[in-house]
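Listing of coords_18.cif, mmCIF, C-alpha atoms and all ligand atoms
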```
data_coords
#
loop_
_atom_site.label_atom_id
_atom_site.label_comp_id
_atom_site.auth_asym_id
_atom_site.auth_seq_id
_atom_site.Cartn_x
_atom_site.Cartn_y
_atom_site.Cartn_z
CA MET A 167 19.61 8.52 36.11
CA ALA A 168 19.63 7.14 32.59
CA GLY A 169 17.01 4.44 32.06
CA PRO A 170 17.46 1.44 29.80
CA PRO A 171 18.17 2.41 26.19
CA SER A 172 15.09 2.86 24.02
CA TYR A 173 15.78 2.50 20.35
CA LYS A 174 13.41 3.36 17.56
CA ALA A 175 13.54 2.84 13.81
CA PRO A 176 15.38 5.85 12.34
CA THR A 177 13.29 8.87 11.30
CA GLY A 178 11.57 8.26 8.00
CA THR A 179 11.86 4.48 8.18
CA HIS A 180 9.33 1.95 9.40
CA ASP A 181 9.03 -1.68 10.37
CA VAL A 182 6.61 -3.90 8.51
CA LEU A 183 5.10 -6.44 10.89
CA PRO A 184 2.44 -9.14 10.63
CA PRO A 185 -0.37 -8.96 9.66
CA GLN A 186 0.55 -5.98 7.37
CA SER A 187 3.61 -7.84 6.15
CA GLY A 188 1.31 -10.58 4.80
CA ARG A 189 -0.18 -8.03 2.46
CA TRP A 190 3.28 -6.82 1.58
CA ALA A 191 4.43 -10.35 0.73
CA SER A 192 1.37 -11.01 -1.34
CA LEU A 193 1.85 -7.73 -3.26
CA ILE A 194 5.39 -8.75 -4.18
CA ALA A 195 4.24 -12.27 -5.10
CA ARG A 196 1.60 -10.85 -7.43
CA PHE A 197 4.13 -8.57 -9.06
CA ALA A 198 6.60 -11.43 -9.44
CA ALA A 199 3.89 -13.52 -11.09
CA ALA A 200 2.81 -10.72 -13.45
CA ALA A 201 6.39 -9.92 -14.45
CA GLY A 202 7.22 -13.62 -14.79
CA ARG A 203 4.25 -14.17 -17.10
CA ALA A 204 5.60 -11.38 -19.31
CA GLY A 205 9.07 -12.94 -19.51
CA TYR A 206 10.87 -10.83 -16.90
CA GLY A 207 13.40 -12.55 -14.60
CA LEU A 208 14.34 -11.41 -11.11
CA VAL A 209 17.44 -9.22 -10.74
CA VAL A 210 18.98 -8.62 -7.32
CA ASN A 211 21.46 -5.75 -7.08
CA PRO A 212 23.51 -4.44 -4.19
CA VAL A 213 21.85 -1.90 -1.95
CA PHE A 214 24.85 0.40 -2.42
CA GLU A 215 26.87 1.34 -5.49
CA ASP A 216 29.76 3.55 -6.45
CA VAL A 217 28.32 7.03 -5.95
CA GLU A 218 29.22 7.92 -9.54
CA VAL A 219 26.68 5.40 -10.88
CA PHE A 220 23.91 7.60 -9.53
CA ARG A 221 25.65 10.89 -10.25
CA ARG A 222 25.84 9.99 -13.95
CA VAL A 223 22.16 9.19 -14.06
CA GLY A 224 20.69 11.85 -11.85
CA GLU A 225 23.00 14.82 -12.20
CA GLY A 226 20.92 17.94 -11.59
CA THR A 227 18.12 16.12 -9.77
CA ASP A 228 17.21 16.81 -6.15
CA ILE A 229 17.45 13.07 -5.55
CA VAL A 230 21.15 13.02 -6.34
CA ARG A 231 22.15 16.52 -5.30
CA LYS A 232 20.41 16.73 -1.96
CA GLU A 233 18.84 13.45 -0.94
CA MET A 234 21.43 10.75 -1.45
CA TYR A 235 22.81 8.73 1.45
CA GLU A 236 26.50 8.87 0.63
CA PHE A 237 29.29 7.43 2.68
CA GLU A 238 32.87 6.31 2.55
CA ASP A 239 33.59 2.70 3.51
CA LYS A 240 36.60 1.56 5.50
CA GLY A 241 38.51 1.09 2.24
CA GLY A 242 37.99 4.73 1.28
CA ARG A 243 35.42 4.00 -1.48
CA ARG A 244 32.74 6.62 -2.11
CA LEU A 245 29.43 4.74 -2.04
CA ALA A 246 25.74 5.63 -1.99
CA LEU A 247 22.65 3.73 -0.87
CA ARG A 248 20.51 3.28 -3.96
CA PRO A 249 18.02 6.16 -4.27
CA GLU A 250 16.23 4.43 -7.17
CA GLY A 251 16.23 1.20 -9.11
CA THR A 252 17.20 1.87 -12.71
CA ALA A 253 20.84 2.88 -12.34
CA PRO A 254 21.92 -0.33 -10.53
CA VAL A 255 20.21 -2.49 -13.16
CA VAL A 256 21.82 -0.59 -16.03
CA ARG A 257 25.20 -0.78 -14.29
CA ALA A 258 24.71 -4.57 -14.00
CA PHE A 259 23.77 -4.77 -17.68
CA VAL A 260 26.93 -2.95 -18.69
CA GLN A 261 29.03 -5.14 -16.41
CA HIS A 262 27.60 -8.52 -17.47
CA ARG A 263 26.47 -7.87 -21.06
CA PRO A 264 23.59 -10.36 -21.08
CA PRO A 265 21.87 -11.12 -24.41
CA VAL A 266 19.19 -8.59 -25.38
CA PRO A 267 16.39 -7.92 -24.95
CA TRP A 268 17.20 -8.23 -21.27
CA LYS A 269 13.98 -8.15 -19.29
CA VAL A 270 14.26 -8.07 -15.51
CA TRP A 271 12.16 -7.18 -12.47
CA TYR A 272 13.10 -6.23 -8.94
CA ALA A 273 11.67 -5.55 -5.48
CA ALA A 274 14.15 -3.40 -3.59
CA PRO A 275 14.49 -0.53 -1.15
CA GLY A 276 15.28 3.05 -2.18
CA PHE A 277 16.88 5.60 0.14
CA ARG A 278 16.28 9.33 -0.05
CA TYR A 279 16.97 11.95 2.59
CA GLU A 280 13.56 13.60 2.29
CA ARG A 281 11.31 15.33 4.79
CA PRO A 282 9.27 12.40 6.07
CA GLN A 283 5.49 12.59 5.82
CA ALA A 284 2.64 10.24 4.96
CA GLY A 285 3.68 8.43 1.79
CA ARG A 286 7.20 9.88 1.79
CA TYR A 287 9.95 8.08 3.65
CA ARG A 288 13.71 7.95 3.87
CA GLN A 289 13.63 4.26 3.08
CA HIS A 290 10.87 3.20 0.74
CA HIS A 291 10.45 0.13 -1.42
CA GLN A 292 9.91 -0.23 -5.13
CA LEU A 293 8.69 -2.87 -7.50
CA GLY A 294 10.08 -2.32 -10.96
CA VAL A 295 11.01 -3.70 -14.33
CA GLU A 296 13.63 -2.77 -16.91
CA ALA A 297 13.64 -3.94 -20.54
CA ILE A 298 17.00 -3.26 -22.12
CA GLY A 299 18.02 -3.69 -25.74
CA SER A 300 15.02 -2.91 -27.92
CA ALA A 301 13.72 0.39 -29.27
CA ASP A 302 10.46 -1.18 -30.49
CA PRO A 303 7.47 0.92 -29.37
CA ASP A 304 5.76 -2.35 -28.49
CA VAL A 305 8.23 -2.69 -25.61
CA ASP A 306 6.98 0.67 -24.30
CA VAL A 307 3.43 -0.65 -24.60
CA GLU A 308 4.32 -3.88 -22.79
CA VAL A 309 6.04 -2.06 -19.93
CA VAL A 310 3.35 0.59 -19.43
CA ALA A 311 0.57 -1.99 -19.69
CA LEU A 312 2.31 -4.22 -17.14
CA ALA A 313 2.35 -1.40 -14.57
CA TRP A 314 -1.24 -0.43 -15.30
CA ARG A 315 -2.67 -3.94 -15.21
CA PHE A 316 -0.80 -4.78 -12.02
CA LEU A 317 -2.37 -1.82 -10.20
CA ALA A 318 -5.80 -2.43 -11.72
CA GLY A 319 -5.55 -6.07 -10.62
CA LEU A 320 -5.32 -4.94 -7.01
CA GLY A 321 -8.74 -3.38 -7.39
CA LEU A 322 -7.49 0.22 -7.59
CA GLN A 323 -9.90 2.33 -9.62
CA ARG A 324 -9.01 5.90 -8.79
CA THR A 325 -5.84 5.76 -10.85
CA ILE A 326 -4.88 7.73 -13.91
CA LEU A 327 -2.09 7.04 -16.38
CA LEU A 328 -0.29 10.14 -17.63
CA LEU A 329 1.75 9.78 -20.79
CA ASN A 330 4.21 11.99 -22.62
CA SER A 331 7.07 11.79 -25.07
CA MET A 332 10.44 13.45 -24.61
CA GLY A 333 11.24 12.77 -28.24
CA ASP A 334 14.68 11.89 -29.51
CA PRO A 335 17.86 13.85 -28.72
CA GLU A 336 17.18 16.13 -31.69
CA SER A 337 13.66 16.98 -30.50
CA ARG A 338 14.95 17.63 -27.02
CA ALA A 339 17.79 19.91 -28.06
CA ALA A 340 15.40 22.26 -29.84
CA TYR A 341 12.95 22.12 -26.98
CA VAL A 342 15.50 22.72 -24.22
CA GLU A 343 16.62 25.96 -25.90
CA ASP A 344 13.06 27.17 -26.13
CA LEU A 345 12.27 26.20 -22.55
CA ARG A 346 15.43 27.78 -21.14
CA ALA A 347 14.63 31.08 -22.85
CA PHE A 348 11.10 30.98 -21.45
CA LEU A 349 12.23 30.16 -17.91
CA ARG A 350 14.94 32.83 -17.93
CA GLY A 351 12.26 35.38 -18.64
CA ARG A 352 10.20 34.15 -15.66
CA ARG A 353 13.03 33.21 -13.28
CA ALA A 354 11.99 35.60 -10.50
CA GLU A 355 8.56 33.95 -10.27
CA LEU A 356 9.96 30.45 -9.72
CA ALA A 357 10.37 28.91 -6.28
CA PRO A 358 13.86 29.93 -5.11
CA GLU A 359 15.06 26.28 -5.05
CA ASP A 360 14.22 25.89 -8.73
CA ARG A 361 15.82 29.10 -10.03
CA GLU A 362 19.34 27.69 -10.13
CA LYS A 363 18.22 24.82 -12.39
CA VAL A 364 17.15 27.11 -15.23
CA ASP A 365 20.55 27.46 -16.90
CA ASP A 366 21.95 23.94 -16.65
CA HIS A 367 18.89 21.72 -16.23
CA PRO A 368 15.81 23.59 -17.41
CA MET A 369 13.80 20.38 -17.83
CA ARG A 370 14.18 19.59 -14.15
CA VAL A 371 12.17 22.71 -13.42
CA LEU A 372 9.19 21.08 -15.12
CA ASP A 373 8.92 18.24 -12.65
CA SER A 374 9.13 20.51 -9.60
CA LYS A 375 6.21 19.99 -7.21
CA ARG A 376 6.53 23.53 -5.80
CA ALA A 377 3.42 25.64 -6.30
CA ALA A 378 5.15 28.86 -7.45
CA THR A 379 7.10 26.93 -10.06
CA ARG A 380 4.07 25.00 -11.22
CA ALA A 381 2.18 28.24 -11.84
CA VAL A 382 4.93 29.26 -14.26
CA THR A 383 5.46 25.91 -15.94
CA ARG A 384 1.78 25.62 -16.75
CA GLU A 385 2.47 28.26 -19.39
CA ALA A 386 5.80 26.83 -20.56
CA PRO A 387 6.34 25.67 -24.13
CA ARG A 388 5.47 22.03 -24.69
CA ILE A 389 7.76 19.33 -25.90
CA SER A 390 4.97 17.92 -28.03
CA ASP A 391 5.36 20.92 -30.32
CA HIS A 392 9.03 20.07 -30.90
CA LEU A 393 8.93 16.36 -31.72
CA THR A 394 10.66 15.25 -34.93
CA PRO A 395 8.58 13.15 -37.35
CA SER A 396 10.29 9.96 -36.22
CA ALA A 397 9.70 10.74 -32.54
CA THR A 398 6.07 11.51 -33.33
CA GLY A 399 5.86 8.17 -35.13
CA HIS A 400 7.20 6.28 -32.13
CA PHE A 401 4.80 8.04 -29.78
CA SER A 402 1.80 7.40 -32.02
CA ARG A 403 2.57 3.70 -32.09
CA VAL A 404 2.83 3.60 -28.31
CA GLN A 405 -0.54 5.32 -27.95
CA ALA A 406 -2.18 3.06 -30.54
CA GLY A 407 -0.76 -0.03 -28.81
CA LEU A 408 -2.07 1.03 -25.41
CA SER A 409 -5.49 1.75 -26.90
CA ASP A 410 -5.50 -1.70 -28.54
CA LEU A 411 -4.91 -3.26 -25.13
CA GLY A 412 -7.63 -1.15 -23.54
CA VAL A 413 -5.21 0.80 -21.32
CA PRO A 414 -6.66 4.29 -20.80
CA PHE A 415 -4.25 7.23 -20.64
CA ALA A 416 -4.18 11.03 -20.64
CA LEU A 417 -1.48 13.03 -22.41
CA GLU A 418 0.50 15.26 -20.03
CA PRO A 419 3.07 17.39 -21.85
CA ARG A 420 4.79 18.49 -18.64
CA LEU A 421 5.68 14.95 -17.61
CA VAL A 422 9.41 14.88 -18.27
CA ARG A 423 12.51 13.16 -17.12
CA GLY A 424 14.95 15.99 -17.18
CA LEU A 425 18.17 14.25 -18.09
CA ASP A 426 19.79 13.81 -21.44
CA TYR A 427 19.60 10.04 -21.26
CA TYR A 428 15.81 9.96 -21.23
CA THR A 429 14.03 9.80 -24.56
CA HIS A 430 10.60 9.11 -25.98
CA THR A 431 7.95 7.65 -23.67
CA THR A 432 7.57 8.86 -20.08
CA PHE A 433 4.66 7.94 -17.86
CA GLU A 434 3.33 8.22 -14.37
CA ILE A 435 0.42 6.52 -12.65
CA GLN A 436 -1.29 8.72 -10.08
CA SER A 437 -3.98 7.99 -7.53
CA SER A 438 -6.69 10.56 -6.84
CA ALA A 439 -7.26 8.74 -3.52
CA LEU A 440 -3.96 10.17 -2.18
CA ASP A 441 -2.82 13.73 -1.34
CA ALA A 442 -1.55 15.58 -4.39
CA ALA A 443 2.04 15.88 -3.13
CA GLN A 444 2.37 12.10 -2.81
CA ASN A 445 -0.08 10.87 -5.41
CA ALA A 446 2.40 9.14 -7.72
CA LEU A 447 2.11 5.38 -7.38
CA GLY A 448 4.78 4.77 -9.97
CA GLY A 449 6.48 6.12 -13.01
CA GLY A 450 9.04 5.40 -15.63
CA GLY A 451 10.15 5.92 -19.14
CA ARG A 452 12.55 5.22 -21.94
CA TYR A 453 16.26 5.91 -21.45
CA ASP A 454 17.91 5.21 -24.77
CA GLY A 455 21.15 7.01 -23.80
CA LEU A 456 21.65 5.60 -20.31
CA VAL A 457 23.54 2.39 -21.05
CA GLU A 458 26.05 4.41 -23.04
CA ALA A 459 26.33 7.01 -20.27
CA LEU A 460 27.30 4.23 -17.87
CA GLY A 461 30.01 2.97 -20.20
CA GLY A 462 28.17 0.43 -22.37
CA PRO A 463 27.45 0.32 -26.10
CA PRO A 464 24.54 2.48 -27.37
CA THR A 465 21.53 0.44 -26.20
CA PRO A 466 17.91 1.48 -25.75
CA GLY A 467 15.97 0.69 -22.59
CA ILE A 468 12.79 1.40 -20.70
CA GLY A 469 11.45 0.67 -17.22
CA PHE A 470 9.37 1.80 -14.28
CA GLY A 471 9.36 1.86 -10.49
CA ILE A 472 6.23 1.51 -8.36
CA GLY A 473 6.29 2.49 -4.69
CA ILE A 474 5.05 -0.33 -2.45
CA GLU A 475 4.08 1.94 0.48
CA ARG A 476 2.19 4.33 -1.80
CA VAL A 477 0.30 1.50 -3.46
CA LEU A 478 -0.74 0.08 -0.10
CA LEU A 479 -1.85 3.54 1.06
CA ALA A 480 -3.96 3.85 -2.09
CA CYS A 481 -5.38 0.37 -1.44
CA ASP A 482 -6.31 1.47 2.11
CA ALA A 483 -7.96 4.60 0.76
CA GLU A 484 -9.98 2.57 -1.74
CA ALA A 485 -10.61 -0.28 0.72
CA THR A 486 -9.22 -2.85 -1.68
CA PHE A 487 -6.55 -5.57 -1.55
CA THR A 488 -7.25 -6.14 2.10
CA VAL A 489 -5.51 -9.29 3.14
CA GLY A 490 -6.71 -10.93 6.32
CA ASP A 491 -4.45 -12.33 8.99
CA ALA A 492 -2.27 -15.16 7.86
CA ARG A 493 -3.99 -18.12 9.47
CA VAL A 494 -3.04 -21.68 10.05
CA ASP A 495 -5.56 -24.43 9.32
CA ALA A 496 -5.00 -26.57 12.37
CA TRP A 497 -3.98 -25.93 15.97
CA VAL A 498 -2.61 -28.67 18.17
CA ILE A 499 -3.43 -28.72 21.87
CA ASP A 500 -1.32 -31.08 23.93
CA VAL A 501 -1.61 -31.33 27.71
CA THR A 502 0.67 -34.38 27.98
CA GLY A 503 3.96 -32.47 27.88
CA GLY A 504 4.36 -31.33 24.28
CA ALA A 505 5.90 -34.32 22.50
CA ALA A 506 2.58 -35.14 20.81
CA ALA A 507 2.19 -31.55 19.63
CA ARG A 508 5.73 -31.62 18.25
CA ALA A 509 5.06 -34.79 16.26
CA LEU A 510 1.59 -33.80 15.04
CA THR A 511 2.51 -30.30 13.84
CA HIS A 512 5.50 -31.81 12.04
CA GLU A 513 3.37 -34.45 10.32
CA LEU A 514 0.71 -31.97 9.29
CA ARG A 515 3.24 -29.46 7.94
CA GLU A 516 5.01 -32.19 5.97
CA ALA A 517 1.62 -33.09 4.50
CA GLY A 518 1.09 -29.48 3.40
CA VAL A 519 -1.36 -28.47 6.15
CA ALA A 520 -0.57 -25.17 7.92
CA ALA A 521 -0.39 -26.10 11.58
CA ASP A 522 0.72 -24.45 14.80
CA ARG A 523 0.69 -25.13 18.53
CA GLY A 524 1.27 -23.55 21.90
CA PHE A 525 4.47 -23.93 23.89
CA ASP A 526 5.40 -23.91 27.57
CA ASP A 527 3.04 -26.75 28.60
CA ARG A 528 0.15 -24.43 29.43
CA SER A 529 -3.21 -25.52 30.84
CA MET A 530 -5.98 -26.91 28.64
CA LYS A 531 -7.95 -23.71 29.12
CA ALA A 532 -5.04 -21.50 28.04
CA GLN A 533 -4.35 -23.68 25.01
CA MET A 534 -8.00 -23.68 23.95
CA LYS A 535 -7.99 -19.91 24.13
CA ALA A 536 -4.87 -19.73 21.97
CA ALA A 537 -6.47 -22.08 19.44
CA GLY A 538 -9.51 -19.82 19.25
CA ARG A 539 -7.40 -16.71 18.78
CA SER A 540 -5.33 -18.35 16.04
CA GLY A 541 -8.19 -18.39 13.56
CA ALA A 542 -7.51 -22.07 12.77
CA ARG A 543 -10.49 -24.08 11.60
CA VAL A 544 -9.77 -27.23 13.55
CA ALA A 545 -8.04 -28.10 16.79
CA LEU A 546 -6.41 -31.43 17.55
CA ILE A 547 -6.53 -32.22 21.25
CA VAL A 548 -4.25 -34.69 22.97
CA GLY A 549 -4.96 -35.36 26.67
CA GLU A 550 -3.98 -38.31 28.87
CA GLN A 551 -6.91 -40.37 27.60
CA GLU A 552 -6.08 -39.81 23.92
CA ALA A 553 -2.42 -40.51 24.55
CA ALA A 554 -3.26 -43.82 26.26
CA SER A 555 -5.57 -44.97 23.46
CA SER A 556 -3.57 -43.71 20.44
CA THR A 557 -6.37 -41.35 19.50
CA VAL A 558 -6.80 -37.61 19.04
CA THR A 559 -9.87 -35.42 19.53
CA LEU A 560 -10.67 -33.43 16.41
CA ARG A 561 -12.62 -30.27 17.19
CA ASP A 562 -14.26 -27.94 14.70
CA LEU A 563 -13.45 -24.52 16.15
CA ALA A 564 -16.39 -22.82 14.46
CA THR A 565 -19.14 -25.24 15.58
CA SER A 566 -17.41 -26.71 18.67
CA GLU A 567 -18.37 -30.19 17.43
CA GLN A 568 -15.78 -32.78 18.27
CA ARG A 569 -15.10 -36.47 17.80
CA THR A 570 -12.40 -38.99 18.46
CA ILE A 571 -10.21 -40.15 15.59
CA ALA A 572 -7.36 -42.63 15.36
CA ARG A 573 -3.92 -41.13 15.82
CA ALA A 574 -2.81 -42.79 12.58
CA ASP A 575 -5.61 -41.06 10.60
CA VAL A 576 -4.87 -37.49 11.70
CA VAL A 577 -3.58 -36.18 8.37
CA ALA A 578 -6.40 -37.75 6.35
CA GLU A 579 -9.07 -36.64 8.82
CA VAL A 580 -7.79 -33.05 9.00
CA ARG A 581 -7.63 -32.84 5.24
CA ALA A 582 -11.17 -34.15 4.96
CA ALA A 583 -12.41 -31.69 7.61
CA LEU A 584 -10.77 -28.75 5.84
CA ASP A 585 -12.05 -29.74 2.40
CA LYS A 586 -15.60 -29.95 3.64
CA GLU A 587 -15.75 -26.25 4.43
CA PRO A 588 -16.25 -23.62 1.80
CA ARG A 589 -13.05 -21.85 0.76
P1 LIG A 601 10.67 7.87 -8.76
O1 LIG A 601 11.95 7.11 -8.93
O2 LIG A 601 10.85 9.15 -8.01
O3 LIG A 601 9.87 8.01 -10.02
O4 LIG A 601 9.80 6.97 -7.77
C1 LIG A 601 9.05 5.86 -8.18
C2 LIG A 601 7.96 5.63 -7.18
O5 LIG A 601 8.51 5.31 -5.91
C3 LIG A 601 7.10 6.84 -6.92
O6 LIG A 601 6.07 6.94 -7.86
C4 LIG A 601 6.58 6.58 -5.53
O7 LIG A 601 5.49 5.68 -5.58
C5 LIG A 601 7.72 5.87 -4.87
N1 LIG A 601 8.56 6.78 -4.05
C6 LIG A 601 9.55 7.60 -4.46
N2 LIG A 601 10.12 8.24 -3.43
C7 LIG A 601 9.47 7.84 -2.32
C8 LIG A 601 9.59 8.14 -0.92
N3 LIG A 601 10.49 8.99 -0.46
N4 LIG A 601 8.74 7.52 -0.07
C9 LIG A 601 7.81 6.64 -0.52
N5 LIG A 601 7.67 6.32 -1.81
C10 LIG A 601 8.47 6.90 -2.71
#
```
Reformat the file's structure so that it appears as structure tokens.
Ligand code: AMP
Amino acid sequence: MAGPPSYKAPTGTHDVLPPQSGRWASLIARFAAAAGRAGYGLVVNPVFEDVEVFRRVGEGTDIVRKEMYEFEDKGGRRLALRPEGTAPVVRAFVQHRPPVPWKVWYAAPGFRYERPQAGRYRQHHQLGVEAIGSADPDVDVEVVALAWRFLAGLGLQRTILLLNSMGDPESRAAYVEDLRAFLRGRRAELAPEDREKVDDHPMRVLDSKRAATRAVTREAPRISDHLTPSATGHFSRVQAGLSDLGVPFALEPRLVRGLDYYTHTTFEIQSSALDAAQNALGGGGRYDGLVEALGGPPTPGIGFGIGIERVLLACDAEATFTVGDARVDAWVIDVTGGAAARALTHELREAGVAADRGFDDRSMKAQMKAAGRSGARVALIVGEQEAASSTVTLRDLATSEQRTIARADVVAEVRAALDKEPR
């Protein structure tokens, strides 16, 4: 006989519940504050887009070829759940043509049909920024430094910033030829999944995580040997700017974004506290050809995406950014039916004091227990006696000291009691 249905979150997805969600909310709030201080405004895009938006950007990538959640809606449109954050923002830029530089941040989910494991999910969440409209190397510095400082501010120390330059289209063209010739010679040694990329997308082979491929690419020609003087100039200014700001980095010539739209700076921030296959906390780079590829005027841009789940895993591993339970300050106990609790919690909340109460008219004992569990610092007790004399008993839940106060003074007394304690 079939039992009642038992539903679970789909494979590779997860629910975020209190108290973990408190940490999640505070991570996003910190990012919003950091981005806001740097002049970035929030952008909210749809969770799905015309599938072509992503195809244009990620053609040749595993993300687009194998991992995209594509579907047809009831109107016959081909859509895809966003696998990453840059393409929707650039599509919005092209559609709305805001004044440049256009600096925006987002917190949004990404969907990839990957093999789920720790730190790799089918729905994950990213914090990101995009700065569109300026080719100034100082924008690269601002964007990279923003990512770095945000992670450092969480207390993460086992992080490393890897930096590379893809050069300009001229640098790349020369390099791609060289790389393709090298990879053709070593094709048989590559992981089978990467062999087919050699002819059309040789640069994609470089960011493969597969061990056999990595053994080959370690010996591959480097893009740094193919940079034009102007690309070298841009890259030097980025490095000097980061050094000026005290942002440490290591050059990593294999760090590429394999598509034609990506140019100049690329970077990734890794955590040595996580397993190597999932150690990227975030990454990004310059994409001076992307706006044009999505139908806009030639416009430079740069951005990054940071994975929320990965960052929190790294915080766990380094025992930092631990946020305690969200607690209320005051708990109201009412054994006279609940109307007093309703009025008092309302008054306290209106006055800016976090307050909560029990429901269902439970016994004094049960309500005291709930108050203790809540972590509140004070309890306000209303029994028959208090109700009759327009008073309330104010109890310090840490010391169990209590005294009677006038009903009319509750807000002032609670505030005074909370201020007295160290924060
Ligand atoms: P990417 O667009 O691949 O550079 O991803 C940016 C960041 O998002 C990565 O550095 C990870 O922190 C995170 N990320 C990407 N894919 C996943 C995934 N499947 N599960 C969890 N986090 C992910």
Using all atoms listed in the file, find the one residue out of A:Ser337, A:Ser331, A:Gln444, A:Gln186 that sits nearest to ligand LIG 601 (chain A).
A:Gln444
Report, as lines of an AutoDock Vina configuration file, the axis-aligned box around all atoms of range 425-435 of chain A present in the file, extended by 8 Å on each side; give centre and edge lengths in Å to one decimal place.
```
center_x = 10.1
center_y = 10.4
center_z = -19.3
size_x = 35.4
size_y = 23.7
size_z = 29.3
```
Surrounding residues as a VMD selection string, ligand LIG 601 (chain A), max 9 Å, only C-alpha atoms and all ligand atoms
chain A and resid 178 229 249 to 252 276 to 294 434 to 436 444 to 450 470 to 477
Selected residue, from A:Gly462, A:Glu579, A:Glu233, A:Gly538, that lies nearest to Ala564 in chain A when counting all atoms listed in the file
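Selected residue with least distance to Ala564 in chain A: A:Gly538.
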Can you tell me which residues surround Ala340 in chain A at a distance of at most 7 Å, considering only C-alpha atoms, apart from same-chain residues fewer than 4 positions away, and format the answer as a PyMOL selection string?
chain A and resi 336+344+392
Measure the distance from CA of Val371 in chain A to CA of Arg248 in chain A in Å and round it to one decimal.
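Between CA of Val371 in chain A and CA of Arg248 in chain A the gap works out to 23.2 Å.
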Per-residue nearest contacts range 305-330 of chain A to range 206-214 of chain A, cut-off 12 Å, using all atoms listed in the file, as a tab-separated table:
```
residue	atom	partner	partner_atom	distance
A:Glu308	CA	A:Tyr206	CA	11.2
A:Val309	CA	A:Tyr206	CA	10.5
A:Leu312	CA	A:Tyr206	CA	10.8
```
re CA of Arg338 in chain A and CA of Gly451 in chain A: distance 14.9 Å
Residue contacts of Ala311 in chain A (9 Å, all atoms listed in the file) excluding same-chain residues fewer than 3 positions away, as a list of chain:residue names:
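The neighbour list is A:Asp306, A:Val307, A:Glu308, A:Trp314, A:Arg315, A:Phe316, A:Leu408, A:Leu411, A:Val413.
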Could you give me, as a PyMOL selection string, the residues within 10 Å of Val558 in chain A, counting all atoms listed in the file and dropping anything in the same chain fewer than 2 positions from it?
chain A and resi 498-500+506+545-549+551-553+555-556+560-561+569-576
Put those residues in a file: C-alpha atoms, as an mmCIF file, keeping the file's coordinate frame.
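Output file out19.cif is given in full below:
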```
data_model
loop_
_atom_site.group_PDB
_atom_site.id
_atom_site.type_symbol
_atom_site.label_atom_id
_atom_site.label_comp_id
_atom_site.auth_asym_id
_atom_site.auth_seq_id
_atom_site.Cartn_x
_atom_site.Cartn_y
_atom_site.Cartn_z
ATOM 1 C CA VAL A 498 -2.610 -28.670 18.170
ATOM 2 C CA ILE A 499 -3.430 -28.720 21.870
ATOM 3 C CA ASP A 500 -1.320 -31.080 23.930
ATOM 4 C CA ALA A 506 2.580 -35.140 20.810
ATOM 5 C CA ALA A 545 -8.040 -28.100 16.790
ATOM 6 C CA LEU A 546 -6.410 -31.430 17.550
ATOM 7 C CA ILE A 547 -6.530 -32.220 21.250
ATOM 8 C CA VAL A 548 -4.250 -34.690 22.970
ATOM 9 C CA GLY A 549 -4.960 -35.360 26.670
ATOM 10 C CA GLN A 551 -6.910 -40.370 27.600
ATOM 11 C CA GLU A 552 -6.080 -39.810 23.920
ATOM 12 C CA ALA A 553 -2.420 -40.510 24.550
ATOM 13 C CA SER A 555 -5.570 -44.970 23.460
ATOM 14 C CA SER A 556 -3.570 -43.710 20.440
ATOM 15 C CA LEU A 560 -10.670 -33.430 16.410
ATOM 16 C CA ARG A 561 -12.620 -30.270 17.190
ATOM 17 C CA ARG A 569 -15.100 -36.470 17.800
ATOM 18 C CA THR A 570 -12.400 -38.990 18.460
ATOM 19 C CA ILE A 571 -10.210 -40.150 15.590
ATOM 20 C CA ALA A 572 -7.360 -42.630 15.360
ATOM 21 C CA ARG A 573 -3.920 -41.130 15.820
ATOM 22 C CA ALA A 574 -2.810 -42.790 12.580
ATOM 23 C CA ASP A 575 -5.610 -41.060 10.600
ATOM 24 C CA VAL A 576 -4.870 -37.490 11.700
#
```
If I take CA of Arg423 in chain A and CA of His262 in chain A, how far is one from the other in Å, to one decimal?
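So the two atoms, CA of Arg423 in chain A and CA of His262 in chain A, lie 26.4 Å apart.
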Nearest residue to Leu584 in chain A out of A:Ala253, A:Ala542, A:Ser187, A:Lys375, using only C-alpha atoms?
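Closest to Leu584 in chain A of all the choices is A:Ala542.
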